[in-house]
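Since the structure comes first, as structure tokens, the remarks are kept for the end.
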Amino acid sequence: MPQSSPSADAPLFIVLNAGSGSSDAERTRETIESVLSGVGRAHRILYVEDARRLHTVAWQAVQEARIQKGIVVAAGGDGTINAVAQVVVGSGVAFGVLPQGTFNYFSREYGIPADTAEATRLLLTGRIRRVQVGWVNERIFLVNASLGLYPALLENREEWKQQFGRSRIIALWAGLATLLRGHRRMTLEMEHAGRLQTLHTSTLFVGNNRLQLEQIGIAEAAALDEGRLAALALRPTGRLAMLWLLARGAFGRLGDADEVQSFSFETLRLSVLRRGRRGGRIKIATDGEVGWMRTPLEFRVIPDALPLIVPADGADG
């Protein structure tokens with residue numbers, strides 16, 4: 001994809017989520033200030049203590065960046081990055097990331113360092129690469145979108161994190177607990193590539209992150225390089241079989257399981273069938289944030305939608 005260099009004196013407008021990730025927010029702020037002040041780079045940090053204000057603060061940052069020909073930066077986990085990117089897409093301003101989350105799939109995919117000081121220096125030396133985003137019913141997603149079991153897993157994982165702290169081990173145990181509780185099955189009517197299909201599943205997962213898909217062993221990960229999204233659905237199965245699927249995913253073998261159906265697409269329309277009727281609302285997760293949407297759901301890919309600052313010496317692919 002084409003790359004270009006941002007202006008060397010473009011001011012940075014940094015939306016810092018104080019509640020995101022395991023890092024101390026004030027220490028993160030001090031690190032950012034130290035790096036940018038040390039080179040005399042104009043910047044402003046917009047501190048967000050209430051996650052409900054993320055959209056408002058992101059909108060403010062984008063408006064100021066448009067006026068001053070600046071760059072908007074999201075400092076937080078994948079959910080925070082998504083919230084800020086929602087406003088950046090289509091605004092004409094460049095986008096930077098300072099990852100602070102547990103998994104940081106989006107930043108890792110594009111070679112952005114997890115260390116805050118290194119990621120801040122990247123904002124000064126990097127290049128702009130336009131990357132694709134996924135879209136579902138007027139919301140973008142950078143990593144994944146899902147319905148069914150996966151949103152429930154995310155909600156339970158957040159409860160565990162609030163009690164026991166943020167770590168990958170806590171996330172794993174929360175996932176195990178969710179699977180052992182059992183799960184509802186959905187009947188979906190899907191339309192893509194000119195075909196209509198009825199699918200019985202416990203969860204539908206749509207991925208827009210090659211790193212995550214490769215990690216669990218989904219062959220369609222390569223389709224993302226061709227401007228597509230990858231979907232996988234789990235056929236109805238018991239609790240022990242679900243635990244076995246979780247183990248296969250941990251070893252990068254999920255795509256080989258008979259219970260898994262996967263495919264790639266550019267556009268996908270789906271409805272949820274309840275007692276033979278379509279319509280209603282369904283819980284859906286986008287980049288780890290769970291909310292409700294009205295059906296039918298319209299998934300599509302938008303190529304080259306987000307002008308992201310990436311390492312100047314990174315591979316262009």
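Letters A, B, ... go to the chains of the structure tokens in the order shown; residues in each chain start at 1; ligands are counted from 1 in the same order.
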
*Could you give me, as a PyMOL selection string, the residues within 10 Å of region 30-32 of chain A, counting only C-alpha atoms and dropping anything in the same chain fewer than 2 positions from it?*
chain A and resi 14+25-28+34-38+43+45+75+98+116-121

*Which neighbours of Pro11 (chain A) fall inside 12 Å, counting only C-alpha atoms, when residues of the same chain fewer than 2 positions from it are skipped, and could you give them as a ChimeraX atom specification?*
/A:6-9,13-14,36-37,40-45,61-62,64-73,93-96,123-124

Print the selection's residues with N, CA and C atoms to a file, as a tab-separated table (two decimals), in the first residue's frame.
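Okay, again12.tsv is ready:
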chain	number	residue	atom	x	y	z
A	6	PRO	N	4.37	12.10	7.28
A	6	PRO	CA	3.63	13.22	7.88
A	6	PRO	C	4.55	14.42	8.03
A	7	SER	N	3.96	15.59	8.17
A	7	SER	CA	4.75	16.81	8.36
A	7	SER	C	5.58	16.71	9.64
A	8	ALA	N	6.83	17.12	9.55
A	8	ALA	CA	7.75	17.01	10.69
A	8	ALA	C	7.36	17.92	11.85
A	9	ASP	N	6.52	18.91	11.60
A	9	ASP	CA	6.12	19.81	12.69
A	9	ASP	C	4.63	19.73	12.98
A	13	PHE	N	-2.21	15.48	18.84
A	13	PHE	CA	-3.33	15.56	19.77
A	13	PHE	C	-3.59	14.15	20.28
A	14	ILE	N	-3.20	13.90	21.53
A	14	ILE	CA	-3.15	12.54	22.08
A	14	ILE	C	-4.31	12.31	23.04
A	36	LEU	N	8.28	14.03	23.85
A	36	LEU	CA	7.89	15.09	22.93
A	36	LEU	C	8.47	16.44	23.32
A	37	SER	N	8.49	16.73	24.60
A	37	SER	CA	9.07	18.00	25.05
A	37	SER	C	10.57	18.02	24.80
A	40	GLY	N	11.01	19.21	21.39
A	40	GLY	CA	10.29	20.42	21.07
A	40	GLY	C	9.10	20.24	20.16
A	41	ARG	N	8.48	19.06	20.16
A	41	ARG	CA	7.34	18.81	19.28
A	41	ARG	C	6.04	19.29	19.93
A	42	ALA	N	5.31	20.11	19.21
A	42	ALA	CA	4.04	20.62	19.73
A	42	ALA	C	3.07	19.47	19.94
A	43	HIS	N	2.39	19.48	21.09
A	43	HIS	CA	1.45	18.41	21.38
A	43	HIS	C	0.46	18.85	22.45
A	44	ARG	N	-0.62	18.11	22.53
A	44	ARG	CA	-1.60	18.31	23.59
A	44	ARG	C	-2.14	16.96	23.99
A	45	ILE	N	-2.17	16.67	25.30
A	45	ILE	CA	-2.70	15.42	25.80
A	45	ILE	C	-4.10	15.66	26.35
A	61	ALA	N	-10.44	16.21	19.54
A	61	ALA	CA	-9.06	16.08	19.04
A	61	ALA	C	-9.02	16.17	17.52
A	62	VAL	N	-9.96	15.52	16.85
A	62	VAL	CA	-9.99	15.54	15.39
A	62	VAL	C	-10.27	16.95	14.88
A	64	GLU	N	-9.54	19.81	16.31
A	64	GLU	CA	-8.35	20.63	16.50
A	64	GLU	C	-7.25	20.24	15.52
A	65	ALA	N	-7.13	18.92	15.27
A	65	ALA	CA	-6.11	18.45	14.33
A	65	ALA	C	-6.41	18.93	12.91
A	66	ARG	N	-7.66	18.98	12.53
A	66	ARG	CA	-8.01	19.45	11.19
A	66	ARG	C	-7.67	20.93	11.03
A	67	ILE	N	-7.93	21.70	12.05
A	67	ILE	CA	-7.65	23.14	11.99
A	67	ILE	C	-6.14	23.40	11.94
A	68	GLN	N	-5.38	22.66	12.75
A	68	GLN	CA	-3.95	22.91	12.87
A	68	GLN	C	-3.09	21.96	12.03
A	69	LYS	N	-3.74	21.16	11.16
A	69	LYS	CA	-3.03	20.22	10.30
A	69	LYS	C	-2.16	19.28	11.14
A	70	GLY	N	-2.79	18.74	12.17
A	70	GLY	CA	-2.08	17.88	13.11
A	70	GLY	C	-2.40	16.42	12.94
A	71	ILE	N	-1.99	15.63	13.92
A	71	ILE	CA	-2.15	14.18	13.94
A	71	ILE	C	-2.90	13.80	15.22
A	72	VAL	N	-3.87	12.91	15.11
A	72	VAL	CA	-4.60	12.42	16.27
A	72	VAL	C	-3.99	11.08	16.70
A	73	VAL	N	-3.76	10.94	18.00
A	73	VAL	CA	-3.11	9.73	18.54
A	73	VAL	C	-4.01	9.13	19.62
A	93	VAL	N	-7.35	13.42	8.67
A	93	VAL	CA	-6.17	13.57	9.52
A	93	VAL	C	-5.50	12.21	9.71
A	94	ALA	N	-4.19	12.24	9.96
A	94	ALA	CA	-3.43	11.01	10.19
A	94	ALA	C	-3.67	10.51	11.61
A	95	PHE	N	-3.35	9.21	11.81
A	95	PHE	CA	-3.68	8.52	13.06
A	95	PHE	C	-2.46	7.81	13.60
A	96	GLY	N	-2.19	8.03	14.89
A	96	GLY	CA	-1.10	7.34	15.55
A	96	GLY	C	-1.61	6.55	16.74
A	123	LEU	N	6.09	8.14	16.43
A	123	LEU	CA	5.24	9.21	15.90
A	123	LEU	C	6.05	10.29	15.22
A	124	LEU	N	7.32	10.42	15.61
A	124	LEU	CA	8.19	11.46	15.07
A	124	LEU	C	8.95	10.99	13.84

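Atom to atom, CA of Glu49 (chain A) and CA of Ile81 (chain A) stand 15.2 Å apart.
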
*Using DSSP on the backbone coordinates, identify all residues within region 26-97 of chain A classified as strand (DSSP E); present the result as a PyMOL selection string.*
chain A and resi 43-48+71-76+94-97

*Which polymer residues have any atom within 8 Å of an atom of Leu306 (chain A), counting only C-alpha atoms, with same-chain residues fewer than 5 positions away left out, as number ranges by chain?*
A: 85, 88-90, 94-95, 129-133

As an mmCIF file with all heavy atoms, in the first residue's frame, please: the residues near Ile128 (chain A) (cut-off 9 Å, only C-alpha atoms, same-chain neighbours under 4 positions excluded).
data_model
loop_
_atom_site.group_PDB
_atom_site.id
_atom_site.type_symbol
_atom_site.label_atom_id
_atom_site.label_comp_id
_atom_site.auth_asym_id
_atom_site.auth_seq_id
_atom_site.Cartn_x
_atom_site.Cartn_y
_atom_site.Cartn_z
ATOM 1 N N PRO A 2 0.402 2.365 -0.579
ATOM 2 C CA PRO A 2 1.225 3.565 -0.643
ATOM 3 C C PRO A 2 1.494 4.140 0.732
ATOM 4 O O PRO A 2 0.660 4.099 1.617
ATOM 5 C CB PRO A 2 0.368 4.521 -1.489
ATOM 6 C CG PRO A 2 -1.035 4.010 -1.343
ATOM 7 C CD PRO A 2 -0.909 2.538 -1.214
ATOM 8 N N GLN A 3 2.696 4.717 0.880
ATOM 9 C CA GLN A 3 3.069 5.351 2.132
ATOM 10 C C GLN A 3 3.519 6.781 1.841
ATOM 11 O O GLN A 3 3.973 7.105 0.758
ATOM 12 C CB GLN A 3 4.205 4.587 2.825
ATOM 13 C CG GLN A 3 3.821 3.171 3.237
ATOM 14 C CD GLN A 3 4.841 2.553 4.165
ATOM 15 O OE1 GLN A 3 5.692 3.209 4.722
ATOM 16 N NE2 GLN A 3 4.739 1.255 4.355
ATOM 17 N N SER A 4 3.394 7.647 2.831
ATOM 18 C CA SER A 4 3.868 9.016 2.735
ATOM 19 C C SER A 4 4.339 9.449 4.111
ATOM 20 O O SER A 4 4.086 8.779 5.107
ATOM 21 C CB SER A 4 2.748 9.938 2.229
ATOM 22 O OG SER A 4 1.651 9.899 3.123
ATOM 23 N N SER A 5 5.043 10.557 4.176
ATOM 24 C CA SER A 5 5.574 11.037 5.449
ATOM 25 C C SER A 5 4.699 12.156 5.990
ATOM 26 O O SER A 5 4.314 13.068 5.256
ATOM 27 C CB SER A 5 7.001 11.558 5.257
ATOM 28 O OG SER A 5 7.857 10.535 4.820
ATOM 29 N N PRO A 6 4.370 12.095 7.281
ATOM 30 C CA PRO A 6 3.634 13.218 7.883
ATOM 31 C C PRO A 6 4.548 14.422 8.026
ATOM 32 O O PRO A 6 5.778 14.293 8.004
ATOM 33 C CB PRO A 6 3.225 12.669 9.246
ATOM 34 C CG PRO A 6 4.259 11.637 9.567
ATOM 35 C CD PRO A 6 4.676 11.040 8.246
ATOM 36 N N ALA A 94 -4.189 12.239 9.959
ATOM 37 C CA ALA A 94 -3.427 11.011 10.188
ATOM 38 C C ALA A 94 -3.669 10.506 11.606
ATOM 39 O O ALA A 94 -4.086 11.254 12.506
ATOM 40 C CB ALA A 94 -1.949 11.254 9.954
ATOM 41 N N PHE A 95 -3.349 9.213 11.812
ATOM 42 C CA PHE A 95 -3.683 8.524 13.060
ATOM 43 C C PHE A 95 -2.460 7.812 13.605
ATOM 44 O O PHE A 95 -1.760 7.096 12.878
ATOM 45 C CB PHE A 95 -4.794 7.514 12.780
ATOM 46 C CG PHE A 95 -5.316 6.781 13.984
ATOM 47 C CD1 PHE A 95 -5.841 7.461 15.061
ATOM 48 C CD2 PHE A 95 -5.310 5.387 14.029
ATOM 49 C CE1 PHE A 95 -6.349 6.783 16.164
ATOM 50 C CE2 PHE A 95 -5.816 4.696 15.112
ATOM 51 C CZ PHE A 95 -6.337 5.400 16.182
ATOM 52 N N PRO A 307 -5.383 6.327 7.714
ATOM 53 C CA PRO A 307 -3.979 6.704 7.495
ATOM 54 C C PRO A 307 -3.164 6.552 8.785
ATOM 55 O O PRO A 307 -3.110 7.457 9.612
ATOM 56 C CB PRO A 307 -4.069 8.170 7.039
ATOM 57 C CG PRO A 307 -5.344 8.682 7.637
ATOM 58 C CD PRO A 307 -6.260 7.499 7.795
ATOM 59 N N LEU A 308 -2.527 5.422 8.945
ATOM 60 C CA LEU A 308 -1.864 5.038 10.194
ATOM 61 C C LEU A 308 -0.367 5.300 10.133
ATOM 62 O O LEU A 308 0.284 4.999 9.126
ATOM 63 C CB LEU A 308 -2.119 3.549 10.446
ATOM 64 C CG LEU A 308 -1.447 2.919 11.669
ATOM 65 C CD1 LEU A 308 -2.070 3.480 12.960
ATOM 66 C CD2 LEU A 308 -1.589 1.399 11.627
ATOM 67 N N ILE A 309 0.194 5.813 11.207
ATOM 68 C CA ILE A 309 1.645 6.017 11.294
ATOM 69 C C ILE A 309 2.283 4.702 11.722
ATOM 70 O O ILE A 309 1.996 4.164 12.794
ATOM 71 C CB ILE A 309 2.002 7.141 12.277
ATOM 72 C CG1 ILE A 309 1.422 8.469 11.789
ATOM 73 C CG2 ILE A 309 3.520 7.253 12.440
ATOM 74 C CD1 ILE A 309 1.708 9.641 12.701
ATOM 75 N N VAL A 310 3.169 4.182 10.867
ATOM 76 C CA VAL A 310 3.838 2.908 11.080
ATOM 77 C C VAL A 310 5.342 3.135 10.988
ATOM 78 O O VAL A 310 5.798 4.195 10.546
ATOM 79 C CB VAL A 310 3.393 1.863 10.034
ATOM 80 C CG1 VAL A 310 1.892 1.622 10.126
ATOM 81 C CG2 VAL A 310 3.776 2.310 8.629
ATOM 82 N N PRO A 311 6.161 2.142 11.406
ATOM 83 C CA PRO A 311 7.619 2.309 11.297
ATOM 84 C C PRO A 311 8.049 2.584 9.850
ATOM 85 O O PRO A 311 7.549 1.977 8.903
ATOM 86 C CB PRO A 311 8.162 0.962 11.779
ATOM 87 C CG PRO A 311 7.094 0.450 12.708
ATOM 88 C CD PRO A 311 5.799 0.893 12.107
ATOM 89 N N ALA A 312 8.983 3.519 9.694
ATOM 90 C CA ALA A 312 9.434 3.911 8.352
ATOM 91 C C ALA A 312 10.117 2.774 7.637
ATOM 92 O O ALA A 312 10.075 2.681 6.402
ATOM 93 C CB ALA A 312 10.369 5.108 8.470
#

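With distances restricted to only C-alpha atoms, A:Thr286 is the closest residue to Asn208 (chain A) from A:Thr125, A:Gln63, A:Thr102, A:Thr286.
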
_Show me, as a PyMOL selection string, the residues that have an atom within 7 Å of region 219-230 of chain A when counting only C-alpha atoms, minus same-chain residues fewer than 5 positions from it._
chain A and resi 206-208+210+213-214+255+263-266+301+303

*What does the distance between CA of Ala51 (chain A) and CA of Lys283 (chain A) come to in Å, to one decimal place?*
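Those two atoms sit 19.4 Å apart.
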
*Rank A:Thr80, A:Ser107, A:Asn144, A:Asn209 by their smallest atom-to-atom distance to Asp50 (chain A), using only C-alpha atoms, and report the top residue only.*
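For Asp50 (chain A), the nearest of the candidates is A:Thr80.
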
*Compile the contact shell of Asn82 (chain A) as number ranges by chain: residues with an atom at most 10 Å away, counting only C-alpha atoms, same-chain residues fewer than 4 positions apart removed.*
A: 55, 74, 76-78, 86-88, 106, 139-143, 286-289
